[in-house]
Every structure is written in C-alpha cells, then in structure tokens.
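To start, the structure itself, in structure tokens.
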Amino acid sequence: MDHLDQLEAQSIYIFREAFARLKKIALLWSLGKDSNVMIWLARKAFFGRMPFPALHVDTGKKFPEMYRFRDHYGKEWELDLRVEPCPPIDAVDPTLPPAARSAARKTEGLKMALAKYGFDGLIAGIRRDEEATRAKERVFSPRGLEGNWDVRDQPPEFWDHFNASPPQGAHLRIHPILHWTEADIWAYTKRENIPIIPLYLSQNGKRYRSLGDQDITNPVASTASSIDEILVELEQTKVPERAGRALDHETEDAFERLRVAGYL
Amino acid sequence: MNMIVTSASPATPNGTTSMPNGTTRPQVRIVIVGHVDHGKSTLVGRLLHETGSLPEGKLEMLKAVSARRGMPFEWSFLLDALQTERDQGITIDTTQIRFRTNSRDIVLIDAPGHAEFLRNMITGASQADGAVLIIDALEGVRDQTRRHGYLLHLLGVKQVAIVVNKMDRVDFGADRFKEISDEITAHLQGLGVTPTAVIPISARDGDGVAERTDRIGWYKGPTVVEALDRLEPARPLEALALRLPVQAIYKFDDRRIVAGRIESGSLAAGEEIVIMPAGKIAKIKSVESWPVTPVAGRQGAGRSVGITLDRELFIERGDIIAHAGTSPRETRRLRARIFWLHDKPLAKGDQLLVRCGPKESRATVVAIEKAVDPGELESSENKAIGRNYVGEIDISLSNPIATDPYTENPRTGRLVIEVSGRIAGGGLVLSVDAGQRAVPVDIVPVESALRPDERSARYQHNGAVVWLTGLPASGKSTLARALERRLFTNGGSPILLDGDTLRAGLNRDLGFSAADRSENIRRLAEVATHLARNGHIAIVAAVSPAREDRAAARRIADTTFREIHVATPAEVCEDRDPKGHYKKARAGALQSFTGILNDYEKPEAAELVIDTSRRTVAEAADEIEQMLKTTGVLFDEVVDLAANI
C-alpha cells in the first residue's frame with residue numbers, strides 16, 4: 001500500500017464508523033477541493049453511493065463557478081443535496097471583526113440546519129495541517145448543545161476508537177480527512193481524477209488555494225495551472241494555505257473564537 | 001529531507017519502507033526513555049548527526065546560535081530546535097523522528113511531557129518494537145530508570161538496549177560500567193526483559209554512539225547504532241493470521257457487502273473463511289470496490305474492503321472474519337493490562353462497556369489484580385485503579401467476543417473501555433480464558449418446558465454422556481453406532497456425537513494444538529451434557545487423548561458422565577487403520593496424529609474397559625448396556641407410564 005492507499009483506507013474506516021455508530025448524519029459540502037475528495041471517499045466507502053445527505057450551508061456569496069459545480073455534480077453523483085440558507089449579517093455577533101462576522105453567518109446557518117433536521121453527526125472536511133486549532137481536533141469531535149467546541153475537555157481518542165455518543169440534542173463533528181495534507185488532497189484528486197473547480201488553477205498569475213465566500217477570499221500569486229504544477233508549488237512555497245482567507249488575519253484569536261463557537 | 005513526520009500518518013502496515021528503487025528496508029519503531037537529564041535529547045541529536053539524518057545547514061545554524069549566546073555547543077539544542085519548529089508549525093500530540101542505520105529505517109517515537117506522560121507513553125510506546133533505556137554513569141540506576149523499565153515491561157516491549165551515558169564523567173571506568181550494567185540487567189531480568197545490549201557511551205563526545213573509540217577500548221559490544229541496526233521489526237501485520245472485523249453489512253443494491261478493515265493477514269476471492277464468534281463457514285465470492293468492481297488479487301492488512309459471500313449468513317457488526325484453523329478465540333472472560341484515564345477509579349464490580357474493534361460488549365470487572373502508579377511505581381492495595389494508573393484486571397463479558405492476546409495480534413489484542421459514552425481507558429488483552437465459564441452477568445438460562453422425569457418415562461432411561469475414548473481405529477465409532485442402534489430399538493433416545501463429524505462443523509475453527517484439542521473436548525462435553533440434561537443419551541466417540549481434558553469433560557457432565565476405555569491394543573489398531581491415518585502418519589504426512597507417538601493417556605478409572613480385539617461388537621454392546629443398567633442410566637424394570645401422566 002502506498003501513502004495515498006493508506007490515507008484512503010483510514011478515511012473509509014472513519015466514514016463507516018460514523019455511518020454505523022450515529023443515527024442521522026450529513027456531509028458538509030463546501031464545494032471546495034477537500035469536500036469533493038470527501039464525497040469521493042464516501043462513495044468508495046459505500047460502494048458508489050453516499051447513503052446520507054450532502055449539506056450545503058449557503059451564504060449566497062460563493063463564486064458562480066462553485067454554484068455551477070454544485071448543480072452539475074450534485075446531479076451526476078446522485079447526491080441527496082440539501083441547500084440551507086444562512087441568516088442575514090445583522091443576526092451575527094457584532095463584536096467579531098468584519099470578515100469573521102461574515103463567516104460566522106455560516107455557523108448560524110449550520111445551527112439552523114441542525115435544528116431543522118436533527119442530525120447527530122456532521123461530517124466535515126477539515127485537516128490538521130490547515131491551521132493550528134484544527135490540529136488539536138479529534139476525529140470524532142463532540143460539540144456542546146450550542147454547537148460549541150470545548151478545546152480543553154476533549155475525550156481521549158486512540159487506536160481508531162472514537163467517542164460516538166453525543167449528549168441528547170448535541171452533535172458530533174466527524175473529520176474523515178483530518179490526517180491528510182493539502183498536498184495529499186491534490187495528489188489524490190489527480191490519481192482518482194476527481195473534478196475540480198477551475199478557480200484553483202492559475203489565471204493571470206493568480207489562483208485560489210482555498211475557496212470560501214467571494215467577499216472574504218483572495219487569490220494568491222501562482223503560476224500553477226495544473227495539478228502537477230500545484231504539487232511542485234506546494235513543495236516550495238512558504239505561504240500558508242489559508243493566506244487568502246481574510247478572517248484568519250484580522251485578530252490573533254478570530255479564528256479560534258469562530259471555531260469554539262461551532263465554525264468548521 | 002523531511003525529517004519530522006507527523007504521527008497522523010497511519011503506520012506502515014507491513015513494517016517496511018518502500019525505497020525508490022523498489023526494494024524495502026525493515027522499519028523499526030523505537031522509544032528512548034530514561035531519567036530526566038540522563039541525556040535523552042543529547043543522544044537523539046548525536047544519533048541524527050551520526051546517521052547523516054540532519055537537514056543541510058542545520059548543524060552550522062545551531063553552532064552559530066550557540067556561539068552568539070556564548071554557550072558551548074550542545075547536541076540537545078538540536079532536538080529543542082526541532083521541537084520549536086514543530087510547535088510553530090504543525091502541532092500534533094506526538095511526533096516521530098526518522099533516521100537510518102545501515103539496514104534499518106528507525107522511527108523514533110517522541111513521547112515528551114511529563115503530565116501527559118502515561119497517555120503518550122501508552123499510545124506511542126505501545127507501538128514501539130524496541131526501546132533504548134538511558135542511564136547516567138555517575139548517577140547510576142535511579143528510581144525513574146526502574147519505573148521506565150517497568151513501563152516497558154507493562155507495554156510488552158521486549159527489545160531493550162541499555163546505554164550508560166556520560167562515561168566521560170567516570171573516566172571511562174570499566175568497573176563503574178560493569179556495576180551499573182549488572183544492576184540494571186538484574187532489574188530487567190526480574191521483569192522478564194533481557195537487555196539486547198548494554199553500551200558505555202558519551203553521547204556528547206560521540207564515544208560508543210556510532211564509533212567504538214579508544215576511550216572505551218575495553219568494551220567489545222555493539223555501538224548504539226549497531227544495536228539499533230540489530231533490532232527486529234515487529235512481525236509484519238500481513239504475515240499474521242487474517243482478522244477482518246466487520247464494521248457493517250451494506251445492501252445498497254442486489255449485493256450484500258460485508259465491509260471492514262483488514263487488521264492483519266490477507267484475503268482473496270475464493271477463500272474459505274470462518275465468521276467468529278458464531279463459527280459459521282463461507283467462501284468469499286468477490287471483493288467489491290468502487291468505481292471498479294470486483295477487484296482481483298490479494299487484499300492485505302490496512303485495506304478497508306468489502307466482500308460478498310457465497311451464502312446468506314447472519315453476520316453482524318463486530319464479528320471477526322478469519323481463516324479456518326487460525327481463527328481468534330471466542331470468550332466471555334479475559335484478562336487485560338489497562339491504563340485508566342477517568343476521574344473515578346476503576347473498582348471491582350464496576351459495569352463498563354468494552355470495545356474491541358467494532359465489537360462492543362457490556363462487561364463487569366471481576367477482579368483487580370494489580371494497580372500501579374507508573375510515576376511512583378507503588379502497587380496500591382489492588383482495590384481500585386485510579387486516574388492515570390495502570391493495572392491488570394479480569395473482566396467478564398455479557399456477549400462473547402472473538403479476540404487474540406496482544407502478543408499474538410497487536411491489532412485485535414487491544415481494547416478500550418467506555419464509561420458513560422466516553423473512552424475512559426484502554427489496554428492490551430493479556431489472555432483469553434476460552435474454557436472458563438463466565439460469571440453470569442445477565443445470562444438467564446431458559447429451562448426446558450419438560451421435566452427430566454417426563455422424558456425418562458418416555459425413553460426408559462435417564463440422560464447420560466457415554467464417553468468412548470481410545471486410540472484411532474480402536475473401534476469407538478463402530479461401538480458407538482451399535483449402541484446407538486440398540487438403544488433406539490428399545491425406544492430410547494440416543495444421539496451420536498462423533499469427534500470427526502463435529503470437527504467438520506461446530507469445531508471447524510479448531511486445529512490440533514494442545515489448546516485446540518482441549519477446546520474441542522470442552523465443546524463436545526458441553527453439547528453432550530446439554531443433551532443429557534434433556535434426557536437423551538449422548539454417545540461421544542472421540543480419541544480424547546489427554547487425561548486432563550477428559551477430567552474436564554467429566555466435571556462439565558458431572559453425574560451423567562460414563563467413561564468407556566476402548567482399550568484395543570495399538571498394533572491391532574494400526575493393523576486395522578480403516579481411514580489410512582496410521583499409514584499416512586508413518587509416512588510423515590499427518591501431523592499431530594495420536595497413536596504413533598504414544599501420547600495417548602489411558603483412563604485410570606473408567607466405568608468400563610473394552611478390548612475390541614477380544615469381543616464381538618454385539619458382546620461389547622451387551623457389556624455397555626449392562627454397565628448403563630448398573631449405573632442407573634437404563635431402567636431395569638418397565639416404569640409405570642401411567643403414573644407420570
């Protein structure tokens with residue numbers, strides 16, 4: 001087994017554990033490279049079909065290319081797609097800095113969707129290498145009744161044994177690709193021939209490394225116009241993946257505050 | 001060079017590292033332990049340098065940093081620098097550092113941080129193939145040295161190299177070295193661990209690390225690098241017996257797919273498998289996948305697979321798929337070495353949830369044999385295992401589970417314990433008491449609707465286990481069949497339990513090791529006893545060579561047991577040889593055959609002894625019938641049926 005085989009087998013194991021041990025789960029599809037790989041892995045785990053809904057918590061501010069991608073592959077992949085709206089900006093904590101506040105709409109949208117469907121598990125495509133607070137995550141991460149994450153009181157998790165009993169009304173975040181890196185995602189996307197949104201490839205010397213909402217995501221300087229070139233670029237770059245995400249840079253703890261409150 | 005590798009990547013399942021040119025090198029995982037300040041980081045820094053594992057420019061950078069601060073160069077700065085980088089970059093609980101010896105890829109499992117020492121030590125070092133225990137030559141063996149030795153023993157790490165560091169501080173004295181060497185060797189041997197080497201070194205100056213310098217000219221053993229080079233990797237998971245714990249059964253279309261991850265061994269379509277704990281047999285029809293299916297070829301340890309079977313069987317999550325003959329043991333009772341992380345101490349009588357792979361079972365702590373604070377190494381009163389303590393416990397399970405001792409299979413031989421839905425501890429399966437009856441927790445046997453006397457009235461006999469033992473071809477099966485026919489003709493209810501017949505089904509998962517033979521006899525005795533309790537006469541025909549196994553069968557069947565020794569002389573048996581077994585065994589083609597090697601233990605107090613070379617079958621059946629009459633199984637007189645209606 002090569003490195004990608006190992007990552008794949010581990011993720012499939014996590015998907016199957018989540019499906020077996022929780023009653024009602026959904027996969028959060030943000031349309032980006034990571035959640036596309038997740039859907040692919042889910043279809044591998046369940047032999048071609050994903051036996052739970054794909055949930056897109058829609059801020060309404062994604063790129064047109066992303067909406068086109070969603071509508072096309074939602075059908076082609078036969079997903080049970082649920083598009084859920086987010087509340088307006090006024091409904092969000094005004095003490096947050098602007099970009100974080102904008103992003104926090106998604107947290108609120110997520111809570112509404114949870115209340116609407118009663119999911120006890122949400123599968124999310126975060127990775128340890130993306131950002132320091134995500135590095136401290138568990139594979140099965142319990143959330144409080146308000147969707148909050150208590151970073152100081154996380155249950156022990158070892159030997160691929162996961163805690164899967166959320167308290168009544170609370171839910172778990174399941175992270176099947178926590179152990180992947182950005183380079184792994186691209187190498188796997190290439191190997192499996194998973195479709196991508198063209199915004200990831202360089203145009204006029206710029207490309208998006210991480211796709212979020214239009215108003216708070218910026219492209220980075222890059223000449224990588226194919227996955228192979230992206231992989232070469234990743235070996236050399238010192239620019240962090242989320243450099244183009246405005247909310248990560250507003251205040252030192254903006255992102256941590258968001259995550260503790262239930263953001264991905 | 002990528003030196004820091006996060007532990008998030010799954011371990012290579014086959015214990016090797018693929019090389020660019022297609023060859024493989026054994027990969028060995030080690031942990032370095034020892035008293036604080038005895039020189040762990042210095043040794044690691046030295047090892048990285050001596051094995052050429054440092055990134056370019058790193059050494060020069062550290063030299064410059066030391067010079068700027070006006071400090072002498074210290075090898076331990078190197079590790080500190082790596083840790084700082086790590087803290088600022090990817091933050092992961094435990095981290096692994098790689099370097100290479102001549103023939104091995106070494107993965108150093110770094111388990112720092114005293115507060116979380118136990119969790120890290122367990123999760124990290126429990127996967128180590130070997131350890132280096134470091135001792136300061138001046139300070140000698142300290143409490144913590146002994147503790148670490150004890151922990152290694154607890155975790156089952158058997159390959160331990162001792163390094164006696166800072167030999168420069170004792171003028172490289174051979175006497176001092178020998179003193180320490182003797183003391184630590186005695187301590188470890190007391191725990192059942194024999195050091196693979198005891199090496200005098202000065203990590204700071206490099207003596208004994210990669211080179212045997214003049215200053216330790218009196219020392220003839222291996223250097224640290226050579227000692228690491230000799231460590232044996234754990235047996236590759238793929239080389240172990242097949243274990244596929246079932247995660248789920250999917251029926252999304254017309255296929256019924258059994259899904260799970262292969263923890264050890266390998267499988268391929270067409271192979272016969274056994275599903276434990278039920279012991280059902282099936283063949284693998286196909287290995288399913290997506291987008292291309294089915295997949296051809298063997299699937300090995302580490303793969304998450306889906307298989308279909310050639311027949312519809314009831315299978316559920318937590319069952320273990322194995323190959324017949326090498327299947328795991330089913331048990332309701334096991335002994336485990338655990339570490340406890342919950343605030344409330346674990347006590348005898350506690351009710352828990354145990355998870356062994358996808359299988360879960362409620363469990364009760366039957367006994368606490370040991371409770372040790374790994375920090376202080378004081379055994380408490382064995383009443384409870386406190387938070388962050390380790391201990392050995394006996395647990396009784398409400399559902400039978402199939403598992404292996406961790407020494408036989410590190411993947412299936414481990415478990416976690418849940419309290420209120422949260423993992424509260426974990427540990428290693430030390431032994432599986434397959435033969436021991438569980439303390440009933442919530443098993444309520446359902447009694448028959450019929451009374452024994454109702455059955456006896458109909459059959460004109462009491463229930464019994466008639467156990468025919470003797471050499472192969474002594475005539476057991478022939479006698480058993482004659483007895484069966486006779487009892488049936490007289491209106492009784494005899495049932496034949498032939499050893500070979502049951503091995504084709506119920507006992508198909510068993511081989512011919514002493515343990516498997518015992519288990520075979522135990523199962524025969526259990527089935528026979530059940531029949532006897534329900535008024536039937538169970539006629540068991542089985543070689544059952546071990547006296548102890550037959551004694552166990554007698555204990556199970558209790559007063560219903562009647563032993564008949566079919567004592568036909570060995571030469572006559574071999575001469576008869578109806579199944580050709582003796583001939584095959586003489587030719588060496590039949591392993592573990594009882595008869596030729598004379599491992600048959602005769603009964604000493606059988607109810608009846610019959611030599612079939614001196615009796616006809618009818619005469620022998622008469623004798624048995626007579627014995628059953630005199631021992632109260634068959635009724636001499638006709639019972640008044642009306643009295644029982």
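How things are named: the first chain in the structure tokens is A, the next is B, and so on; residues count from 1 in each chain; ligands count from 1 in the order shown.
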
Open item on the list: Residues near region 100-103 of chain B, anyone? I mean within 7 Å using only C-alpha atoms, not counting same-chain ones fewer than 5 positions away, as a list in words.
Closed with: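 Contacts, with the query itself left out: Arg25, Thr51, Val225 and Asp229 of chain B.
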
Q.
Using DSSP assignments from the backbone, pull out every residue in region 576-620 of chain B that falls under helix (DSSP H, G or I) and give it to me as a ChimeraX atom specification.
A. /B:576,581-586,617-620

Produce a file of the selected residues containing C-alpha atoms, as a compact mmCIF listing (two decimals), in the first residue's frame.
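This went into out06.txt:
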```txt
# COMPACT_ATOMS: atom_id res chain seq x y z
CA ARG B 576 -6.96 -52.11 11.02
CA HIS B 581 -4.33 -42.49 9.14
CA TYR B 582 -1.58 -44.68 10.57
CA LYS B 583 -0.12 -45.22 7.14
CA LYS B 584 -0.14 -41.51 6.42
CA ALA B 585 1.32 -40.68 9.81
CA ARG B 586 4.11 -43.21 9.32
CA VAL B 617 -19.41 -55.80 18.50
CA ALA B 618 -22.57 -57.40 19.91
CA GLU B 619 -20.76 -58.65 23.01
CA ALA B 620 -19.27 -55.22 23.58
```

Could you pull the residues within 7 Å of region 79-85 of chain A, counting only C-alpha atoms, minus those fewer than 6 positions along the same chain, as an MDAnalysis selection string?
chainID A and resid 50 52:59 109 113

Within 10 Å of chain B, which residues of chain A come that close, and what is the closest atom pair and distance in Å for each? Count only C-alpha atoms and give it as CSV.
```
residue,atom,partner,partner_atom,distance
A:Met1,CA,B:Gly302,CA,8.0
A:Asp2,CA,B:Ser18,CA,8.4
A:His3,CA,B:Ser9,CA,8.3
A:Asp5,CA,B:Arg303,CA,7.9
A:Gln6,CA,B:Pro10,CA,6.6
A:Leu7,CA,B:Pro10,CA,7.3
A:Glu8,CA,B:Ser304,CA,8.3
A:Ala9,CA,B:Ser304,CA,5.0
A:Gln10,CA,B:Ser304,CA,7.4
A:Ser11,CA,B:Ser304,CA,9.0
A:Ile12,CA,B:Ser304,CA,6.5
A:Tyr13,CA,B:Ser304,CA,6.3
A:Arg16,CA,B:Gln247,CA,6.8
A:Glu17,CA,B:Gln247,CA,7.0
A:Phe19,CA,B:Ala248,CA,8.9
A:Ala20,CA,B:Ala248,CA,6.7
A:Arg21,CA,B:Pro358,CA,9.6
A:Trp40,CA,B:Trp290,CA,9.8
A:Leu41,CA,B:Trp290,CA,9.7
A:Arg43,CA,B:Trp290,CA,7.4
A:Lys44,CA,B:Trp290,CA,5.3
A:Ala45,CA,B:Ser304,CA,8.0
A:Phe46,CA,B:Tyr250,CA,7.7
A:Phe47,CA,B:Trp290,CA,5.2
A:Gly48,CA,B:Trp290,CA,5.8
A:Arg49,CA,B:Phe252,CA,8.0
A:Met50,CA,B:Phe252,CA,9.9
A:Pro51,CA,B:Phe252,CA,8.5
A:Arg128,CA,B:Ile90,CA,7.6
A:Asp129,CA,B:Ile90,CA,6.0
A:Glu130,CA,B:Ile90,CA,8.6
A:Glu131,CA,B:Ile90,CA,7.9
A:Ala132,CA,B:Thr91,CA,6.4
A:Thr133,CA,B:Thr91,CA,8.8
A:Arg134,CA,B:Thr91,CA,9.2
A:Ala135,CA,B:Thr91,CA,5.8
A:Lys136,CA,B:Ile92,CA,6.9
A:Glu137,CA,B:Ile92,CA,9.6
A:Gln154,CA,B:Arg422,CA,9.9
A:Pro155,CA,B:Arg422,CA,6.7
A:Pro156,CA,B:Ile423,CA,6.2
A:Glu157,CA,B:Ile423,CA,7.2
A:Phe158,CA,B:Thr123,CA,6.9
A:Trp159,CA,B:Thr123,CA,7.7
A:Asp160,CA,B:Gly357,CA,8.3
A:His161,CA,B:Val416,CA,7.3
A:Phe162,CA,B:Ile423,CA,7.8
A:Asn163,CA,B:Arg422,CA,5.6
A:Ala164,CA,B:Gly421,CA,7.2
A:Ser165,CA,B:Gly421,CA,5.2
A:Pro166,CA,B:Gly421,CA,7.8
A:Pro167,CA,B:Gly421,CA,8.8
A:Leu178,CA,B:Ala8,CA,8.4
A:His179,CA,B:Ala8,CA,5.3
A:Trp180,CA,B:Ser9,CA,7.9
A:Thr181,CA,B:Ser9,CA,9.9
A:Glu192,CA,B:Pro291,CA,9.7
```

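Every residue of region 81-133 of chain A with a DSSP assignment of strand (DSSP E or B), taken from the backbone, is listed as Leu81, Arg82, Val83, Glu84, Pro85, Gly121, Leu122 and Ile123 of chain A.
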
Restricting the output to N, CA, C and O atoms, write the selected residues as a compact mmCIF listing (two decimals), in the first residue's frame.
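Result file follows (result35.txt):
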```txt
# COMPACT_ATOMS: atom_id res chain seq x y z
N LEU A 81 -28.92 16.20 -2.04
CA LEU A 81 -28.35 17.52 -1.75
C LEU A 81 -29.37 18.39 -1.00
O LEU A 81 -30.51 18.55 -1.44
N ARG A 82 -28.94 18.93 0.11
CA ARG A 82 -29.80 19.87 0.86
C ARG A 82 -29.06 21.20 0.91
O ARG A 82 -27.98 21.28 1.49
N VAL A 83 -29.66 22.21 0.29
CA VAL A 83 -29.05 23.55 0.34
C VAL A 83 -29.78 24.34 1.40
O VAL A 83 -31.01 24.48 1.35
N GLU A 84 -29.04 24.79 2.39
CA GLU A 84 -29.66 25.51 3.51
C GLU A 84 -29.11 26.93 3.58
O GLU A 84 -27.90 27.15 3.51
N PRO A 85 -30.00 27.90 3.74
CA PRO A 85 -29.56 29.31 3.76
C PRO A 85 -28.96 29.71 5.11
O PRO A 85 -29.11 29.01 6.10
N GLY A 121 -24.69 13.85 13.69
CA GLY A 121 -23.30 13.86 13.23
C GLY A 121 -23.15 14.67 11.95
O GLY A 121 -23.98 14.57 11.05
N LEU A 122 -22.14 15.51 11.91
CA LEU A 122 -21.84 16.28 10.71
C LEU A 122 -20.43 15.95 10.26
O LEU A 122 -19.49 16.09 11.03
N ILE A 123 -20.32 15.50 9.02
CA ILE A 123 -19.01 15.13 8.51
C ILE A 123 -18.39 16.37 7.87
O ILE A 123 -18.99 16.99 6.99
```

Identify, on the basis of only C-alpha atoms, every residue whose closest approach to Trp340 (chain B) does not exceed 6 Å; exclude the query and any residue fewer than 5 positions from it along the same chain; express the result as a PDB file with N, CA and C atoms, in the first residue's frame.
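And here is the file that came out, result.pdb:
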```
ATOM      1  N   ARG B 387      -7.054   7.331  38.492  1.00  0.00           N
ATOM      2  CA  ARG B 387      -6.777   8.055  37.258  1.00  0.00           C
ATOM      3  C   ARG B 387      -5.271   8.049  36.972  1.00  0.00           C
ATOM      4  N   ASN B 388      -4.903   7.765  35.740  1.00  0.00           N
ATOM      5  CA  ASN B 388      -3.522   7.715  35.282  1.00  0.00           C
ATOM      6  C   ASN B 388      -2.712   6.561  35.885  1.00  0.00           C
ATOM      7  N   TYR B 389      -3.399   5.629  36.495  1.00  0.00           N
ATOM      8  CA  TYR B 389      -2.740   4.419  36.978  1.00  0.00           C
ATOM      9  C   TYR B 389      -2.818   3.338  35.908  1.00  0.00           C
ATOM     10  N   GLY B 425     -10.485   4.512  29.293  1.00  0.00           N
ATOM     11  CA  GLY B 425      -9.254   3.753  29.473  1.00  0.00           C
ATOM     12  C   GLY B 425      -9.062   2.832  28.294  1.00  0.00           C
TER      13      GLY B 425
END
```

Practice prompt. Could you tell me how far CA of Leu145 (chain A) lies from CA of Ala170 (chain A), in Å and to one decimal?
Written response: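 For CA of Leu145 (chain A) relative to CA of Ala170 (chain A), the distance reads 4.5 Å.
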
Neighbouring residues of Asp509 (chain B) were defined as those with any atom within 12 Å, considering only C-alpha atoms; residues of the same chain fewer than 6 positions away were excluded. Please report them as a PDB file with N, CA and C atoms, in the first residue's frame.
```pdb
ATOM      1  N   GLU B 272     -11.969 -19.876   1.743  1.00  0.00           N
ATOM      2  CA  GLU B 272     -12.942 -20.240   2.753  1.00  0.00           C
ATOM      3  C   GLU B 272     -12.638 -19.459   4.023  1.00  0.00           C
ATOM      4  N   ILE B 273     -13.682 -18.932   4.637  1.00  0.00           N
ATOM      5  CA  ILE B 273     -13.477 -18.147   5.855  1.00  0.00           C
ATOM      6  C   ILE B 273     -14.411 -18.650   6.948  1.00  0.00           C
ATOM      7  N   VAL B 274     -14.077 -18.277   8.177  1.00  0.00           N
ATOM      8  CA  VAL B 274     -14.949 -18.598   9.292  1.00  0.00           C
ATOM      9  C   VAL B 274     -15.330 -17.286   9.966  1.00  0.00           C
ATOM     10  N   ILE B 275     -16.586 -17.176  10.363  1.00  0.00           N
ATOM     11  CA  ILE B 275     -17.056 -15.944  10.980  1.00  0.00           C
ATOM     12  C   ILE B 275     -17.217 -16.188  12.468  1.00  0.00           C
ATOM     13  N   MET B 276     -16.432 -15.454  13.241  1.00  0.00           N
ATOM     14  CA  MET B 276     -16.452 -15.635  14.700  1.00  0.00           C
ATOM     15  C   MET B 276     -17.217 -14.472  15.329  1.00  0.00           C
ATOM     16  N   PRO B 277     -17.871 -14.684  16.484  1.00  0.00           N
ATOM     17  CA  PRO B 277     -17.787 -15.870  17.321  1.00  0.00           C
ATOM     18  C   PRO B 277     -18.710 -17.019  16.907  1.00  0.00           C
ATOM     19  N   ALA B 278     -19.599 -16.865  15.954  1.00  0.00           N
ATOM     20  CA  ALA B 278     -20.551 -17.937  15.678  1.00  0.00           C
ATOM     21  C   ALA B 278     -19.880 -19.179  15.090  1.00  0.00           C
ATOM     22  N   GLY B 279     -18.747 -18.992  14.391  1.00  0.00           N
ATOM     23  CA  GLY B 279     -18.058 -20.128  13.808  1.00  0.00           C
ATOM     24  C   GLY B 279     -18.664 -20.599  12.500  1.00  0.00           C
ATOM     25  N   LYS B 280     -19.422 -19.712  11.851  1.00  0.00           N
ATOM     26  CA  LYS B 280     -20.024 -20.109  10.574  1.00  0.00           C
ATOM     27  C   LYS B 280     -18.980 -20.075   9.462  1.00  0.00           C
ATOM     28  N   ILE B 281     -19.181 -20.952   8.494  1.00  0.00           N
ATOM     29  CA  ILE B 281     -18.226 -21.088   7.395  1.00  0.00           C
ATOM     30  C   ILE B 281     -18.847 -20.571   6.109  1.00  0.00           C
ATOM     31  N   ILE B 321     -13.921 -11.961  10.844  1.00  0.00           N
ATOM     32  CA  ILE B 321     -13.731 -12.928   9.772  1.00  0.00           C
ATOM     33  C   ILE B 321     -12.275 -13.382   9.792  1.00  0.00           C
ATOM     34  N   ALA B 322     -12.087 -14.701   9.757  1.00  0.00           N
ATOM     35  CA  ALA B 322     -10.739 -15.274   9.823  1.00  0.00           C
ATOM     36  C   ALA B 322     -10.697 -16.491   8.911  1.00  0.00           C
ATOM     37  N   HIS B 323      -9.521 -17.058   8.783  1.00  0.00           N
ATOM     38  CA  HIS B 323      -9.433 -18.318   8.053  1.00  0.00           C
ATOM     39  C   HIS B 323      -9.629 -19.461   9.042  1.00  0.00           C
ATOM     40  N   ALA B 324     -10.272 -20.546   8.585  1.00  0.00           N
ATOM     41  CA  ALA B 324     -10.496 -21.685   9.457  1.00  0.00           C
ATOM     42  C   ALA B 324      -9.147 -22.204   9.961  1.00  0.00           C
ATOM     43  N   GLY B 325      -9.099 -22.601  11.208  1.00  0.00           N
ATOM     44  CA  GLY B 325      -7.862 -23.138  11.765  1.00  0.00           C
ATOM     45  C   GLY B 325      -6.996 -22.093  12.415  1.00  0.00           C
ATOM     46  N   THR B 326      -7.151 -20.833  12.018  1.00  0.00           N
ATOM     47  CA  THR B 326      -6.363 -19.771  12.654  1.00  0.00           C
ATOM     48  C   THR B 326      -7.287 -18.677  13.166  1.00  0.00           C
ATOM     49  N   SER B 327      -8.498 -19.057  13.512  1.00  0.00           N
ATOM     50  CA  SER B 327      -9.452 -18.032  13.929  1.00  0.00           C
ATOM     51  C   SER B 327      -9.196 -17.628  15.379  1.00  0.00           C
ATOM     52  N   PRO B 328      -9.676 -16.437  15.758  1.00  0.00           N
ATOM     53  CA  PRO B 328      -9.466 -15.997  17.145  1.00  0.00           C
ATOM     54  C   PRO B 328     -10.371 -16.780  18.085  1.00  0.00           C
ATOM     55  N   ARG B 329     -10.063 -16.708  19.365  1.00  0.00           N
ATOM     56  CA  ARG B 329     -10.845 -17.408  20.364  1.00  0.00           C
ATOM     57  C   ARG B 329     -12.085 -16.631  20.748  1.00  0.00           C
ATOM     58  N   GLU B 330     -13.136 -17.356  20.940  1.00  0.00           N
ATOM     59  CA  GLU B 330     -14.341 -16.737  21.460  1.00  0.00           C
ATOM     60  C   GLU B 330     -14.268 -16.794  22.971  1.00  0.00           C
ATOM     61  N   LEU B 502     -18.116 -33.690  14.293  1.00  0.00           N
ATOM     62  CA  LEU B 502     -18.271 -32.340  14.821  1.00  0.00           C
ATOM     63  C   LEU B 502     -17.132 -31.415  14.397  1.00  0.00           C
ATOM     64  N   ARG B 503     -15.968 -32.026  14.125  1.00  0.00           N
ATOM     65  CA  ARG B 503     -14.869 -31.192  13.621  1.00  0.00           C
ATOM     66  C   ARG B 503     -15.187 -30.632  12.241  1.00  0.00           C
ATOM     67  N   ASP B 516      -6.202 -26.345  21.183  1.00  0.00           N
ATOM     68  CA  ASP B 516      -7.372 -26.567  20.339  1.00  0.00           C
ATOM     69  C   ASP B 516      -8.031 -27.916  20.643  1.00  0.00           C
ATOM     70  N   ARG B 517      -7.192 -28.897  20.953  1.00  0.00           N
ATOM     71  CA  ARG B 517      -7.769 -30.199  21.302  1.00  0.00           C
ATOM     72  C   ARG B 517      -8.584 -30.098  22.581  1.00  0.00           C
ATOM     73  N   GLU B 519     -10.098 -27.474  23.661  1.00  0.00           N
ATOM     74  CA  GLU B 519     -11.312 -26.744  23.331  1.00  0.00           C
ATOM     75  C   GLU B 519     -12.301 -27.656  22.609  1.00  0.00           C
ATOM     76  N   ASN B 520     -11.785 -28.507  21.738  1.00  0.00           N
ATOM     77  CA  ASN B 520     -12.615 -29.469  21.020  1.00  0.00           C
ATOM     78  C   ASN B 520     -13.365 -30.360  22.017  1.00  0.00           C
ATOM     79  N   ARG B 523     -16.048 -28.462  24.004  1.00  0.00           N
ATOM     80  CA  ARG B 523     -17.296 -28.251  23.266  1.00  0.00           C
ATOM     81  C   ARG B 523     -18.104 -29.539  23.157  1.00  0.00           C
TER      82      ARG B 523
END
```
